[in-house]
>>> print(open('protein-v6.cif').read())   # mmCIF, C-alpha atoms and all ligand atoms
data_run
loop_
_atom_site.label_atom_id
_atom_site.label_comp_id
_atom_site.auth_asym_id
_atom_site.auth_seq_id
_atom_site.Cartn_x
_atom_site.Cartn_y
_atom_site.Cartn_z
CA MET A 1 122.32 220.36 189.18
CA SER A 2 125.45 218.66 187.94
CA GLN A 3 128.59 220.76 188.27
CA GLU A 4 130.93 218.16 186.79
CA TRP A 5 132.31 220.56 184.21
CA ILE A 6 134.03 222.63 186.88
CA PRO A 7 137.61 221.48 187.47
CA ILE A 8 137.73 220.28 191.05
CA HIS A 9 140.82 219.99 193.17
CA ASN A 10 140.52 217.13 195.54
CA THR A 11 143.68 216.75 197.49
CA TRP A 12 142.21 214.36 200.03
CA ARG A 13 144.44 211.46 200.86
CA THR A 14 143.09 208.72 203.05
CA ASP A 15 146.37 208.41 204.95
CA LYS A 16 146.66 210.68 207.96
CA PRO A 17 148.67 213.89 207.57
CA SER A 18 151.90 213.60 209.54
CA GLU A 19 151.86 217.20 210.75
CA PRO A 20 149.12 219.16 212.48
CA PRO A 21 147.41 221.73 210.22
CA PRO A 22 148.74 225.30 210.15
CA THR A 23 147.44 227.83 212.65
CA ARG A 24 147.27 230.53 209.95
CA LEU A 25 146.06 230.42 206.37
CA VAL A 26 148.67 232.21 204.28
CA ASP A 27 148.86 232.28 200.49
CA THR A 28 151.95 232.48 198.31
CA TYR A 29 151.66 236.30 198.10
CA GLY A 30 151.73 236.63 201.89
CA ARG A 31 148.04 237.43 202.30
CA VAL A 32 146.49 235.96 205.42
CA VAL A 33 142.94 234.62 205.15
CA LYS A 34 140.74 235.89 207.99
CA ASN A 35 137.34 235.89 206.36
CA ILE A 36 135.03 233.19 204.99
CA ARG A 37 131.84 233.82 203.01
CA ILE A 38 129.50 230.91 203.23
CA SER A 39 126.67 230.30 200.79
CA VAL A 40 123.90 228.52 202.69
CA THR A 41 121.76 227.93 199.59
CA ASP A 42 121.88 228.51 195.83
CA ARG A 43 118.11 229.20 195.82
CA CYS A 44 116.59 232.62 195.67
CA ASN A 45 113.20 234.34 195.63
CA PHE A 46 114.53 236.98 193.17
CA ARG A 47 116.10 236.63 189.74
CA CYS A 48 118.36 239.69 189.54
CA VAL A 49 119.54 240.18 185.96
CA TYR A 50 123.16 240.71 187.05
CA CYS A 51 123.23 237.52 189.10
CA MET A 52 121.18 234.68 187.66
CA PRO A 53 119.06 233.70 184.66
CA GLU A 54 115.26 233.58 184.85
CA GLU A 55 115.29 229.79 184.51
CA MET A 56 117.63 228.17 186.96
CA ALA A 57 118.28 224.56 187.96
CA PHE A 58 118.98 224.36 191.67
CA LEU A 59 120.98 221.89 193.70
CA ASP A 60 119.17 218.95 195.19
CA ARG A 61 118.83 219.24 198.96
CA SER A 62 121.18 216.26 199.41
CA GLU A 63 123.91 218.21 197.56
CA VAL A 64 123.76 221.13 199.98
CA LEU A 65 125.86 221.32 203.14
CA THR A 66 123.88 220.66 206.32
CA PHE A 67 124.06 223.11 209.23
CA GLU A 68 126.21 220.58 211.09
CA GLU A 69 128.66 220.39 208.17
CA ILE A 70 128.82 224.18 207.87
CA THR A 71 129.44 224.56 211.58
CA ARG A 72 132.15 221.94 211.47
CA ILE A 73 133.92 223.76 208.63
CA VAL A 74 133.68 227.08 210.51
CA GLY A 75 135.33 225.40 213.51
CA ILE A 76 138.13 224.07 211.30
CA VAL A 77 138.88 227.44 209.66
CA ALA A 78 138.54 229.27 212.98
CA ARG A 79 141.37 227.12 214.34
CA MET A 80 143.42 228.39 211.38
CA GLY A 81 142.83 232.04 212.21
CA VAL A 82 139.61 232.89 210.37
CA ASP A 83 137.62 235.21 212.61
CA LYS A 84 135.00 236.70 210.26
CA VAL A 85 132.04 234.85 208.77
CA ARG A 86 129.47 236.17 206.33
CA LEU A 87 126.44 234.10 205.41
CA THR A 88 125.15 234.60 201.89
CA GLY A 89 123.66 232.72 198.96
CA GLY A 90 121.55 232.60 196.77
CA GLU A 91 119.20 234.16 199.25
CA PRO A 92 120.22 232.97 202.72
CA THR A 93 116.87 233.77 204.32
CA VAL A 94 115.07 231.17 202.18
CA ARG A 95 117.02 228.47 204.02
CA ARG A 96 114.78 227.08 206.74
CA GLU A 97 115.70 227.72 210.37
CA LEU A 98 118.54 230.09 209.48
CA PRO A 99 118.63 231.59 213.01
CA LYS A 100 119.67 228.15 214.30
CA LEU A 101 122.78 228.24 212.12
CA VAL A 102 123.47 231.82 213.19
CA ARG A 103 123.23 230.80 216.85
CA ALA A 104 125.59 227.86 216.34
CA ILE A 105 128.23 230.01 214.62
CA ALA A 106 127.83 232.96 217.00
CA ASP A 107 128.57 230.62 219.91
CA MET A 108 131.81 229.33 218.39
CA ASP A 109 135.22 230.23 219.77
CA GLY A 110 137.29 232.50 217.57
CA ILE A 111 134.52 234.07 215.48
CA ASP A 112 134.46 237.80 216.25
CA ASP A 113 132.34 239.03 213.38
CA LEU A 114 129.22 237.34 212.04
CA ALA A 115 127.34 239.03 209.21
CA LEU A 116 124.68 238.25 206.61
CA THR A 117 123.89 239.55 203.13
CA THR A 118 120.25 239.43 202.07
CA ASN A 119 117.80 240.87 199.56
CA GLY A 120 115.74 241.92 202.57
CA VAL A 121 112.35 240.50 201.61
CA ARG A 122 112.11 238.18 204.61
CA LEU A 123 113.53 240.61 207.16
CA PRO A 124 110.19 241.78 208.55
CA GLU A 125 109.84 238.35 210.19
CA LEU A 126 113.52 237.44 210.49
CA ALA A 127 115.46 240.57 211.49
CA LYS A 128 114.76 240.22 215.19
CA PRO A 129 115.24 236.42 215.43
CA LEU A 130 118.55 236.80 213.58
CA ARG A 131 119.65 239.56 215.94
CA ASP A 132 118.60 237.51 218.97
CA ALA A 133 120.53 234.53 217.60
CA GLY A 134 123.76 236.57 217.63
CA LEU A 135 124.00 238.06 214.14
CA GLN A 136 126.14 241.19 214.43
CA ARG A 137 125.87 242.85 211.03
CA LEU A 138 123.48 242.84 208.13
CA ASN A 139 123.83 244.05 204.52
CA VAL A 140 120.69 244.52 202.46
CA SER A 141 120.79 244.66 198.68
CA LEU A 142 118.61 247.30 197.05
CA ASP A 143 119.27 248.27 193.46
CA SER A 144 116.65 250.90 192.75
CA LEU A 145 114.23 253.12 194.62
CA ASP A 146 111.91 253.22 191.63
CA PRO A 147 109.35 250.37 191.58
CA ALA A 148 109.54 249.80 187.80
CA THR A 149 113.35 249.79 187.65
CA PHE A 150 113.49 247.61 190.76
CA ALA A 151 111.13 245.10 189.12
CA LYS A 152 113.14 245.16 185.89
CA LEU A 153 116.44 244.49 187.68
CA THR A 154 115.23 241.87 190.17
CA ARG A 155 112.47 240.43 187.96
CA ARG A 156 110.23 240.72 191.03
CA ASP A 157 107.81 243.53 191.89
CA MET A 158 108.81 243.69 195.56
CA LEU A 159 110.34 247.07 196.31
CA ASP A 160 107.89 247.77 199.16
CA GLU A 161 108.75 244.47 200.82
CA VAL A 162 112.48 245.27 200.69
CA LEU A 163 111.91 248.75 202.11
CA ALA A 164 109.87 247.18 204.92
CA GLY A 165 112.77 244.75 205.46
CA ILE A 166 115.22 247.63 205.76
CA ASP A 167 113.02 249.28 208.38
CA ALA A 168 112.74 245.98 210.25
CA ALA A 169 116.54 245.67 210.23
CA LEU A 170 116.94 249.19 211.60
CA ASP A 171 114.30 248.49 214.27
CA ALA A 172 116.10 245.30 215.28
CA GLY A 173 119.25 247.33 215.94
CA PHE A 174 121.33 246.64 212.84
CA THR A 175 122.78 250.15 212.63
CA PRO A 176 124.46 251.58 210.74
CA LEU A 177 122.91 249.35 208.10
CA LYS A 178 124.78 248.78 204.87
CA VAL A 179 122.62 248.86 201.77
CA ASN A 180 124.31 247.54 198.63
CA ALA A 181 123.29 248.67 195.15
CA VAL A 182 124.75 247.08 192.04
CA ALA A 183 125.51 250.09 189.87
CA MET A 184 123.62 249.11 186.74
CA PRO A 185 123.32 251.72 183.99
CA ASP A 186 119.56 251.89 184.76
CA VAL A 187 120.22 253.54 188.13
CA VAL A 188 122.42 256.40 186.98
CA ASN A 189 119.55 258.83 187.53
CA GLU A 190 118.96 257.50 191.04
CA LEU A 191 122.39 258.15 192.50
CA ILE A 192 121.19 261.32 194.19
CA ALA A 193 118.10 259.58 195.62
CA PHE A 194 120.38 256.91 197.10
CA ALA A 195 122.66 259.62 198.52
CA GLU A 196 119.61 261.18 200.14
CA LEU A 197 118.69 257.83 201.70
CA ALA A 198 122.19 257.67 203.20
CA ARG A 199 121.75 261.20 204.54
CA ALA A 200 118.29 260.64 205.99
CA LYS A 201 118.69 257.30 207.80
CA PRO A 202 121.45 255.43 209.64
CA ILE A 203 122.26 253.69 206.36
CA ILE A 204 125.55 253.48 204.45
CA VAL A 205 124.75 253.04 200.78
CA ARG A 206 127.45 251.16 198.93
CA PHE A 207 127.55 251.04 195.16
CA ILE A 208 129.06 247.89 193.66
CA GLU A 209 130.46 247.92 190.15
CA PHE A 210 128.73 245.29 188.04
CA MET A 211 131.03 242.28 187.64
CA PRO A 212 130.88 239.67 184.86
CA LEU A 213 129.17 237.03 187.00
CA ASP A 214 125.65 237.24 185.60
CA GLY A 215 123.82 234.22 184.26
CA ASP A 216 122.72 235.69 180.92
CA GLY A 217 126.00 237.13 179.65
CA ILE A 218 124.73 240.73 179.70
CA TRP A 219 127.90 242.26 181.21
CA GLN A 220 129.56 244.77 178.91
CA ARG A 221 132.56 246.82 179.85
CA ASP A 222 131.43 249.91 177.96
CA GLN A 223 128.18 250.00 179.90
CA LEU A 224 129.78 250.00 183.32
CA LEU A 225 128.72 252.67 185.74
CA THR A 226 132.14 253.21 187.28
CA ARG A 227 133.35 254.39 190.68
CA GLU A 228 134.53 257.60 189.10
CA GLU A 229 131.16 258.48 187.63
CA ILE A 230 129.26 257.53 190.80
CA VAL A 231 131.46 259.63 193.06
CA SER A 232 131.58 262.64 190.78
CA ARG A 233 127.83 262.75 190.21
CA ILE A 234 127.06 262.57 193.93
CA ASP A 235 129.86 264.94 194.88
CA ALA A 236 128.46 267.56 192.48
CA VAL A 237 125.23 267.71 194.51
CA TYR A 238 126.32 266.65 197.99
CA PRO A 239 130.08 267.27 198.38
CA LEU A 240 132.02 264.25 199.61
CA GLU A 241 135.38 263.65 201.25
CA PRO A 242 137.25 260.34 201.52
CA VAL A 243 137.26 258.46 204.81
CA ASP A 244 140.76 257.25 205.43
CA GLN A 245 140.06 253.75 206.72
CA ARG A 246 139.93 250.83 204.34
CA GLY A 247 141.89 247.87 205.73
CA SER A 248 140.81 244.68 203.98
CA SER A 249 137.32 246.05 203.25
CA PRO A 250 136.54 246.17 199.55
CA ALA A 251 134.62 249.43 199.96
CA GLU A 252 136.17 252.84 199.48
CA ARG A 253 134.39 255.12 201.92
CA PHE A 254 133.27 258.73 201.49
CA ARG A 255 131.44 260.95 203.97
CA PHE A 256 129.31 263.95 203.19
CA LYS A 257 131.30 267.09 203.99
CA ASP A 258 128.40 268.48 206.03
CA GLY A 259 128.62 265.44 208.33
CA LYS A 260 125.28 263.89 207.33
CA GLY A 261 126.23 260.29 206.59
CA GLU A 262 128.40 258.17 204.39
CA ILE A 263 128.49 256.24 201.12
CA GLY A 264 130.87 253.59 199.80
CA VAL A 265 131.96 252.31 196.43
CA ILE A 266 133.14 248.79 195.70
CA ALA A 267 135.14 249.26 192.52
CA SER A 268 135.87 245.58 191.92
CA VAL A 269 136.30 246.10 188.19
CA THR A 270 138.00 249.47 187.71
CA GLU A 271 140.09 249.45 190.90
CA PRO A 272 140.45 245.88 192.12
CA PHE A 273 141.48 245.36 195.73
CA CYS A 274 142.92 241.85 195.26
CA GLU A 275 146.20 242.78 196.96
CA SER A 276 144.47 243.07 200.31
CA CYS A 277 141.95 240.26 199.79
CA ASP A 278 141.69 238.19 202.97
CA ARG A 279 138.77 235.94 202.06
CA ILE A 280 137.78 232.56 200.82
CA ARG A 281 134.33 231.29 199.87
CA LEU A 282 132.44 228.11 200.65
CA THR A 283 129.73 227.26 198.12
CA ALA A 284 126.41 225.73 199.13
CA ASP A 285 127.62 222.41 197.73
CA GLY A 286 130.76 222.39 199.82
CA LYS A 287 133.46 223.69 197.49
CA ILE A 288 136.16 226.11 198.61
CA ARG A 289 136.78 228.98 196.19
CA THR A 290 139.71 231.27 196.77
CA CYS A 291 138.41 234.03 194.46
CA LEU A 292 135.03 235.07 193.06
CA PHE A 293 136.63 234.51 189.67
CA SER A 294 138.30 231.17 190.42
CA VAL A 295 138.05 228.68 187.60
CA THR A 296 138.80 225.75 189.88
CA GLU A 297 137.33 224.71 193.22
CA THR A 298 138.30 222.41 196.08
CA ASP A 299 135.63 219.92 197.05
CA ILE A 300 135.54 219.41 200.81
CA MET A 301 131.99 218.10 201.10
CA SER A 302 132.71 214.71 199.49
CA PRO A 303 135.73 213.95 201.69
CA MET A 304 133.76 215.03 204.77
CA ARG A 305 130.96 212.67 203.83
CA ASP A 306 133.53 209.93 203.11
CA GLY A 307 134.92 210.18 206.64
CA ALA A 308 137.83 212.67 206.42
CA ASP A 309 138.76 214.01 209.84
CA ASP A 310 139.19 217.67 210.79
CA ASP A 311 142.95 217.71 210.20
CA GLN A 312 142.53 216.25 206.73
CA ILE A 313 139.89 218.87 205.86
CA ALA A 314 142.09 221.60 207.33
CA TRP A 315 145.01 220.56 205.13
CA MET A 316 142.80 220.59 202.04
CA ILE A 317 141.70 224.15 202.83
CA ALA A 318 145.28 225.23 203.55
CA ASP A 319 146.36 223.73 200.23
CA ALA A 320 143.58 225.60 198.39
CA VAL A 321 144.66 228.85 200.07
CA HIS A 322 148.23 228.17 199.06
CA HIS A 323 147.01 228.31 195.45
CA LYS A 324 144.92 231.46 195.93
CA GLU A 325 144.98 233.54 192.75
CA ARG A 326 147.05 236.71 192.78
CA GLY A 327 144.05 238.63 191.51
CA HIS A 328 141.19 238.51 189.06
CA LEU A 329 141.88 239.15 185.41
CA ILE A 330 138.73 241.06 184.42
CA ASN A 331 140.88 243.81 182.92
CA HIS A 332 143.20 241.41 181.16
CA VAL A 333 143.00 239.72 177.76
CA ASP A 334 143.33 236.33 179.46
CA PHE A 335 140.14 236.80 181.50
CA LEU A 336 138.00 233.68 181.73
CA LYS A 337 134.45 234.08 183.04
CA PRO A 338 133.81 231.51 185.78
CA GLN A 339 131.44 228.69 184.87
CA ARG A 340 129.16 229.47 187.76
CA ASN A 341 127.12 232.63 188.10
CA MET A 342 127.06 234.76 191.25
CA SER A 343 124.12 233.02 192.97
CA GLN A 344 125.87 229.66 192.62
CA ILE A 345 129.18 230.97 193.93
CA GLY A 346 127.82 232.95 196.85
CA GLY A 347 128.27 236.69 196.55
N1 LIG A 401 120.67 237.26 197.85
C1 LIG A 401 121.47 238.06 198.69
C2 LIG A 401 121.52 239.47 198.20
O1 LIG A 401 121.15 239.73 197.07
O2 LIG A 401 121.97 240.32 198.98
C3 LIG A 401 122.86 237.51 198.90
C4 LIG A 401 123.55 236.91 197.71
S1 LIG A 401 123.97 238.09 196.46
C5 LIG A 401 124.76 237.03 195.27
C6 LIG A 401 125.28 238.98 197.24
C7 LIG A 401 125.62 240.32 196.66
O3 LIG A 401 126.17 240.14 195.37
C8 LIG A 401 124.43 241.26 196.49
O4 LIG A 401 124.73 242.51 197.09
C9 LIG A 401 124.31 241.40 195.01
O5 LIG A 401 123.79 242.64 194.65
C10 LIG A 401 125.74 241.20 194.55
N2 LIG A 401 125.88 240.80 193.16
C11 LIG A 401 125.24 239.80 192.53
N3 LIG A 401 125.64 239.70 191.24
C12 LIG A 401 126.57 240.66 191.06
C13 LIG A 401 127.37 241.07 189.96
N4 LIG A 401 127.30 240.46 188.77
N5 LIG A 401 128.21 242.12 190.13
C14 LIG A 401 128.30 242.75 191.32
N6 LIG A 401 127.59 242.40 192.41
C15 LIG A 401 126.73 241.38 192.28
FE1 LIG A 402 119.04 236.45 194.48
FE2 LIG A 402 120.81 238.01 195.66
FE3 LIG A 402 121.29 236.99 193.23
FE4 LIG A 402 119.45 238.84 193.48
S1 LIG A 402 121.62 239.09 193.90
S2 LIG A 402 119.23 236.91 192.34
S3 LIG A 402 118.62 238.42 195.45
S4 LIG A 402 121.10 235.86 195.07
#
>>> encode(input="protein-v6.cif", output="structure tokens")
Amino acid sequence: MSQEWIPIHNTWRTDKPSEPPPTRLVDTYGRVVKNIRISVTDRCNFRCVYCMPEEMAFLDRSEVLTFEEITRIVGIVARMGVDKVRLTGGEPTVRRELPKLVRAIADMDGIDDLALTTNGVRLPELAKPLRDAGLQRLNVSLDSLDPATFAKLTRRDMLDEVLAGIDAALDAGFTPLKVNAVAMPDVVNELIAFAELARAKPIIVRFIEFMPLDGDGIWQRDQLLTREEIVSRIDAVYPLEPVDQRGSSPAERFRFKDGKGEIGVIASVTEPFCESCDRIRLTADGKIRTCLFSVTETDIMSPMRDGADDDQIAWMIADAVHHKERGHLINHVDFLKPQRNMSQIGG
């Protein structure tokens, strides 16, 4: 699919940079980038209403970074201090031979934390190979425990397959397992059922506030199920207390007062955590994004394919980080919805 309408920074100069690239990626607000989220494909076997439209034009295979290109970029950012990698998409498990990429990244110097976000459908066959390849952490998305609501939200009738995927992940040793639920208004009556899942299994359920990154323009502020409502409804049935340990994680953590498990809330809209954001994103078509809500991108795939060396790529990434946005403007009159929807950006 053509993405020409997105403003692209391309700071590549064919002359060699005179200085070696920086050893740390620091933005103008003093935040240090330690974390890269890499979209390995824009394709998906679901069509979640909050993420993509039913009809979607996907990138041609030639427009998608190869495993070798991804690994090369990870090496470049690792030399600039990035030590956490999360693979995502689209749906990362639809990319063929994903465990090979996991193995290549897991073996790289400097990467201490390698994680993957998935809708879970392919985990029955992939959880163990991914674990064996060196994947350390897994997040599974699950928006509803009710088959009809699940099918409405994902546009696929596959709740049982996802539940089987969650069990496969637990069996493969991914514990505690994080299960992410986008807090759509449809699930307000399921908050207690999700809390019970978090109490019954080694699972941390994390509710994510719905962000305006859907493909159909359905996001409406007045329909948000907010952090406040989520926490108060669960707390009324199963009392909660805050866990004092956030760091750069976007999730605010709460444990059940009786000691039986934990939930989290990612309040990206009502309580943004931009001040401690330490991440950048790499899209499947090789663009660096410094915020989910960036309205510009830095193309590093074209220069790589045109022969740029590692130092040149490193400087382009450092320059993009230098321009990292102070924060998103969802709650501001100047907010501009990004041109790409979540599945194209890499959530
Ligand atoms: N396909 C995988 C999955 O669903 O887990 C990985 C990609 S998905 C884009 C990554 C995460 O973004 C998922 O947890 C998904 O629920 C979340 N997400 C997608 N669209 C969102 C939106 N508009 N607001 C908040 N979270 C969203
Ligand atoms: Fe696919 Fe994940 Fe987006 Fe759902 S949230 S459509 S599973 S990429």
>>> closest_residue(input="protein-v6.cif", among="A:Asp42, A:Asp311, A:Glu19, A:Glu125", to="A:Ala164", atoms="all atoms listed in the file")
A:Glu125
>>> closest_residue(input="protein-v6.cif", among="A:Val295, A:Cys277, A:Ile73, A:Val49", to="ligand LIG 401 (chain A)", atoms="all atoms listed in the file")
A:Val49
>>> residues_near_ligand(input="protein-v6.cif", ligand="ligand LIG 402 (chain A)", cutoff="6 Å", atoms="only C-alpha atoms and all ligand atoms", output="ChimeraX atom specification")
/A:44,46-48,51-52,89-91,119,343
>>> residues_around(input="protein-v6.cif", residues="stretch 137-146 of chain A", least_positions_apart="3", cutoff="6 Å", atoms="all atoms listed in the file", output="PyMOL selection string")
chain A and resi 115-120+149-150+178-182
>>> residues_around(input="protein-v6.cif", residues="A:Met211", least_positions_apart="3", cutoff="8 Å", atoms="all atoms listed in the file", output="ChimeraX atom specification")
/A:214,219,268-269
>>> write_last_selection(input="protein-v6.cif", atoms="C-alpha atoms", output="PDB file, in the coordinates of the input")
ATOM      1  CA  ASP A 214     125.650 237.240 185.600  1.00  0.00           C
ATOM      2  CA  TRP A 219     127.900 242.260 181.210  1.00  0.00           C
ATOM      3  CA  SER A 268     135.870 245.580 191.920  1.00  0.00           C
ATOM      4  CA  VAL A 269     136.300 246.100 188.190  1.00  0.00           C
TER       5      VAL A 269
END
>>> atom_distance(input="protein-v6.cif", atom1="atom S1 of ligand LIG 401 (chain A)", atom2="atom CA of A:Val26")
26.6 Å
>>> atom_distance(input="protein-v6.cif", atom1="atom CA of A:Glu196", atom2="atom CA of A:Ile230")
13.9 Å
>>> closest_residue(input="protein-v6.cif", among="A:Phe256, A:Phe58, A:Tyr238, A:Phe207", to="A:Pro185", atoms="all atoms listed in the file")
A:Phe207
>>> closest_residue(input="protein-v6.cif", among="A:Cys291, A:Ala183, A:Ala148, A:Ile234", to="ligand LIG 401 (chain A)", atoms="all atoms listed in the file")
A:Ala183
>>> build_atoms(input="protein-v6.cif", residues="stretch 136-160 of chain A", atoms="N, CA and C atoms", output="compact mmCIF listing (two decimals), in the frame of the given file")
# COMPACT_ATOMS: atom_id res chain seq x y z
N GLN A 136 125.63 239.86 214.06
CA GLN A 136 126.14 241.19 214.43
C GLN A 136 125.88 242.23 213.36
N ARG A 137 126.00 241.84 212.10
CA ARG A 137 125.87 242.85 211.03
C ARG A 137 125.04 242.28 209.88
N LEU A 138 124.39 243.23 209.20
CA LEU A 138 123.48 242.84 208.13
C LEU A 138 123.72 243.78 206.95
N ASN A 139 123.80 243.23 205.74
CA ASN A 139 123.83 244.05 204.52
C ASN A 139 122.58 243.73 203.73
N VAL A 140 121.89 244.75 203.28
CA VAL A 140 120.69 244.52 202.46
C VAL A 140 120.97 245.03 201.06
N SER A 141 120.60 244.23 200.06
CA SER A 141 120.79 244.66 198.68
C SER A 141 119.54 245.38 198.20
N LEU A 142 119.73 246.51 197.57
CA LEU A 142 118.61 247.30 197.05
C LEU A 142 119.15 248.07 195.85
N ASP A 143 118.65 247.73 194.67
CA ASP A 143 119.27 248.27 193.46
C ASP A 143 118.60 249.50 192.90
N SER A 144 117.35 249.73 193.29
CA SER A 144 116.65 250.90 192.75
C SER A 144 115.57 251.30 193.73
N LEU A 145 115.31 252.61 193.76
CA LEU A 145 114.23 253.12 194.62
C LEU A 145 112.97 253.38 193.78
N ASP A 146 113.06 253.04 192.52
CA ASP A 146 111.91 253.22 191.63
C ASP A 146 111.27 251.85 191.39
N PRO A 147 109.96 251.70 191.66
CA PRO A 147 109.35 250.37 191.58
C PRO A 147 109.54 249.68 190.22
N ALA A 148 109.44 250.43 189.13
CA ALA A 148 109.54 249.80 187.80
C ALA A 148 110.98 249.34 187.53
N THR A 149 111.95 250.19 187.87
CA THR A 149 113.35 249.79 187.65
C THR A 149 113.72 248.64 188.57
N PHE A 150 113.22 248.70 189.81
CA PHE A 150 113.49 247.61 190.76
C PHE A 150 112.97 246.29 190.18
N ALA A 151 111.74 246.33 189.66
CA ALA A 151 111.13 245.10 189.12
C ALA A 151 111.89 244.61 187.88
N LYS A 152 112.39 245.55 187.09
CA LYS A 152 113.14 245.16 185.89
C LYS A 152 114.46 244.47 186.29
N LEU A 153 115.13 245.03 187.31
CA LEU A 153 116.44 244.49 187.68
C LEU A 153 116.34 243.19 188.46
N THR A 154 115.33 243.08 189.33
CA THR A 154 115.23 241.87 190.17
C THR A 154 114.27 240.83 189.58
N ARG A 155 113.55 241.22 188.57
CA ARG A 155 112.47 240.43 187.96
C ARG A 155 111.40 240.07 189.00
N ARG A 156 111.28 240.90 190.02
CA ARG A 156 110.23 240.72 191.03
C ARG A 156 109.73 242.10 191.45
N ASP A 157 108.41 242.23 191.56
CA ASP A 157 107.81 243.53 191.89
C ASP A 157 107.71 243.64 193.42
N MET A 158 108.83 243.82 194.09
CA MET A 158 108.81 243.69 195.56
C MET A 158 109.57 244.80 196.27
N LEU A 159 109.61 245.99 195.67
CA LEU A 159 110.34 247.07 196.31
C LEU A 159 109.79 247.38 197.71
N ASP A 160 108.45 247.42 197.85
CA ASP A 160 107.89 247.77 199.16
C ASP A 160 108.30 246.76 200.23
